[in-house]
Amino acid sequence: MVFAEFQSAMEQAEPLEGCHFVGKKEDLMKRKRTFKTLEDRDVLIIYHQGGFYALDYYCYHAGGKLEIGDIEELGGTLCIICPKHKYKISLAKGEGLCKTIDKSKNPPMPKWFSKGVKQRVHTVTESNGNVYVELSKMPGWIESDYFQGEEGPERRAKAEAKAEAKAEAQAEADERGESS
């Protein structure tokens with residue numbers, strides 16, 4: 001076996017350092033969205049418009065499952081929309097986006113603005129038909145961290161219970177003819 005063939009075989013057999021194998025490229029492309037737990041972190045891998053993205057699985061706001069969210073381009077930024085409360089999160093940077101009025105324009109016009117990084121995003125690498133994710137090394141706390149790790153399931157359950165209680169209270173108010 002020549003050295004190039006040996007090196008190619010080794011690259012296929014061994015994962016890239018610091019990266020987690022998440023699937024074969026063809027399979028992930030067909031599935032479009034894949035859930036994986038990597039080092040006690042729940043990650044969503046998305047294939048969209050020819051590119052791969054990886055971000056924390058649960059929305060930073062209230063723990064909604066991003067896997068079932070719509071993907072839209074907003075102001076030139078590709079975003080996933082949380083199905084729970086319609087929060088918009090950029091796939092590439094994890095920024096929360098909101099639409100407000102840009103008063104610097106005459107007349108003032110609606111525009112999408114960043115609320116800063118809210119959702120932890122991870123690096124996706126392709127090699128020899130395999131796809132790997134390297135978990136974010138961004139220092140400090142990011143809001144999506146709240147729903148991750150050992151305490152994540154309990155925190156998500158509390159957020160869900162709070163949302164259900166709010167919905168029940170609203171339904172009762174509606175039955176009494178009161179508005180929120």
# chains A, B, ... in the order shown; residues from 1 in each chain; ligands from 1
$ select_by_dssp --residues "chain A" --states "strand (DSSP E or B)" --output "NGL selection string"
:A and (20-24 or 33-38 or 41-48 or 51-56 or 58 or 65 or 70-74 or 77-81 or 88-90 or 95-102 or 109-117 or 121-127 or 130-134)
$ select_by_dssp --residues "range 3-147 of chain A" --states "alpha helix (DSSP H)" --output "list in words"
Phe3, Ala4, Glu5, Phe6, Gln7, Ser8, Ala9, Met10, Glu11, Gln12, Ala13, Lys25, Glu26, Asp27, Leu28, Met29, Lys30 and Arg31 of chain A
$ residues_around --residues "Tyr47 in chain A" --least-positions-apart "4" --cutoff "6 Å" --atoms "only C-alpha atoms" --output "ChimeraX atom specification"
/A:29,32,51-52
$ residues_around --residues "range 126-139 of chain A" --least-positions-apart "5" --cutoff "6 Å" --atoms "only C-alpha atoms" --output "number ranges by chain"
A: 19-25
$ atom_distance --atom1 "CA of Ile81 in chain A" --atom2 "CA of Gly69 in chain A"
5.1 Å
$ residues_around --residues "Lys93 in chain A" --least-positions-apart "2" --cutoff "10 Å" --atoms "only C-alpha atoms" --output "ChimeraX atom specification"
/A:53,55,77-79,89-91,95-96,116-122
$ write_last_selection --atoms "N, CA and C atoms" --output "PDB file, in the first residue's frame"
ATOM      1  N   TYR A  53     -25.089  22.992   9.819  1.00  0.00           N
ATOM      2  CA  TYR A  53     -25.079  23.858  10.986  1.00  0.00           C
ATOM      3  C   TYR A  53     -25.286  22.980  12.216  1.00  0.00           C
ATOM      4  N   LEU A  55     -26.194  23.515  16.506  1.00  0.00           N
ATOM      5  CA  LEU A  55     -26.484  24.409  17.613  1.00  0.00           C
ATOM      6  C   LEU A  55     -27.162  23.633  18.729  1.00  0.00           C
ATOM      7  N   THR A  77     -30.208  36.910   6.842  1.00  0.00           N
ATOM      8  CA  THR A  77     -29.643  35.967   7.801  1.00  0.00           C
ATOM      9  C   THR A  77     -30.512  34.717   7.858  1.00  0.00           C
ATOM     10  N   LEU A  78     -29.902  33.549   7.702  1.00  0.00           N
ATOM     11  CA  LEU A  78     -30.620  32.283   7.783  1.00  0.00           C
ATOM     12  C   LEU A  78     -30.891  31.967   9.246  1.00  0.00           C
ATOM     13  N   CYS A  79     -32.173  31.781   9.592  1.00  0.00           N
ATOM     14  CA  CYS A  79     -32.588  31.598  10.987  1.00  0.00           C
ATOM     15  C   CYS A  79     -33.488  30.388  11.159  1.00  0.00           C
ATOM     16  N   ILE A  89     -33.498  32.652  15.657  1.00  0.00           N
ATOM     17  CA  ILE A  89     -32.107  32.412  16.022  1.00  0.00           C
ATOM     18  C   ILE A  89     -31.302  32.179  14.749  1.00  0.00           C
ATOM     19  N   SER A  90     -30.222  32.933  14.569  1.00  0.00           N
ATOM     20  CA  SER A  90     -29.392  32.741  13.373  1.00  0.00           C
ATOM     21  C   SER A  90     -28.663  31.410  13.465  1.00  0.00           C
ATOM     22  N   LEU A  91     -28.684  30.665  12.363  1.00  0.00           N
ATOM     23  CA  LEU A  91     -28.035  29.360  12.332  1.00  0.00           C
ATOM     24  C   LEU A  91     -26.516  29.468  12.431  1.00  0.00           C
ATOM     25  N   GLU A  95     -27.243  34.153  17.126  1.00  0.00           N
ATOM     26  CA  GLU A  95     -27.791  35.426  17.590  1.00  0.00           C
ATOM     27  C   GLU A  95     -29.315  35.365  17.635  1.00  0.00           C
ATOM     28  N   GLY A  96     -29.889  35.971  18.668  1.00  0.00           N
ATOM     29  CA  GLY A  96     -31.325  36.168  18.705  1.00  0.00           C
ATOM     30  C   GLY A  96     -31.643  37.393  17.869  1.00  0.00           C
ATOM     31  N   GLY A 116     -27.761  39.844  20.244  1.00  0.00           N
ATOM     32  CA  GLY A 116     -26.534  39.228  20.739  1.00  0.00           C
ATOM     33  C   GLY A 116     -26.627  37.713  20.666  1.00  0.00           C
ATOM     34  N   VAL A 117     -25.520  37.059  20.976  1.00  0.00           N
ATOM     35  CA  VAL A 117     -25.478  35.601  20.931  1.00  0.00           C
ATOM     36  C   VAL A 117     -26.303  35.051  22.095  1.00  0.00           C
ATOM     37  N   LYS A 118     -27.289  34.234  21.755  1.00  0.00           N
ATOM     38  CA  LYS A 118     -28.188  33.639  22.745  1.00  0.00           C
ATOM     39  C   LYS A 118     -28.123  32.115  22.725  1.00  0.00           C
ATOM     40  N   GLN A 119     -27.809  31.554  21.561  1.00  0.00           N
ATOM     41  CA  GLN A 119     -27.818  30.109  21.337  1.00  0.00           C
ATOM     42  C   GLN A 119     -26.397  29.662  21.016  1.00  0.00           C
ATOM     43  N   ARG A 120     -25.908  28.669  21.730  1.00  0.00           N
ATOM     44  CA  ARG A 120     -24.547  28.182  21.474  1.00  0.00           C
ATOM     45  C   ARG A 120     -24.536  27.417  20.148  1.00  0.00           C
ATOM     46  N   VAL A 121     -23.609  27.791  19.257  1.00  0.00           N
ATOM     47  CA  VAL A 121     -23.431  27.094  17.981  1.00  0.00           C
ATOM     48  C   VAL A 121     -22.108  26.340  18.020  1.00  0.00           C
ATOM     49  N   HIS A 122     -22.042  25.277  17.245  1.00  0.00           N
ATOM     50  CA  HIS A 122     -20.891  24.385  17.253  1.00  0.00           C
ATOM     51  C   HIS A 122     -20.336  24.268  15.835  1.00  0.00           C
TER      52      HIS A 122
END
$ closest_residue --among "A:Tyr146, A:Ala62, A:Leu97, A:Arg33" --to "Lys111 in chain A" --atoms "only C-alpha atoms"
A:Leu97
$ closest_residue --among "A:Lys84, A:Lys105, A:Arg41, A:Arg31" --to "Glu151 in chain A" --atoms "only C-alpha atoms"
A:Arg41
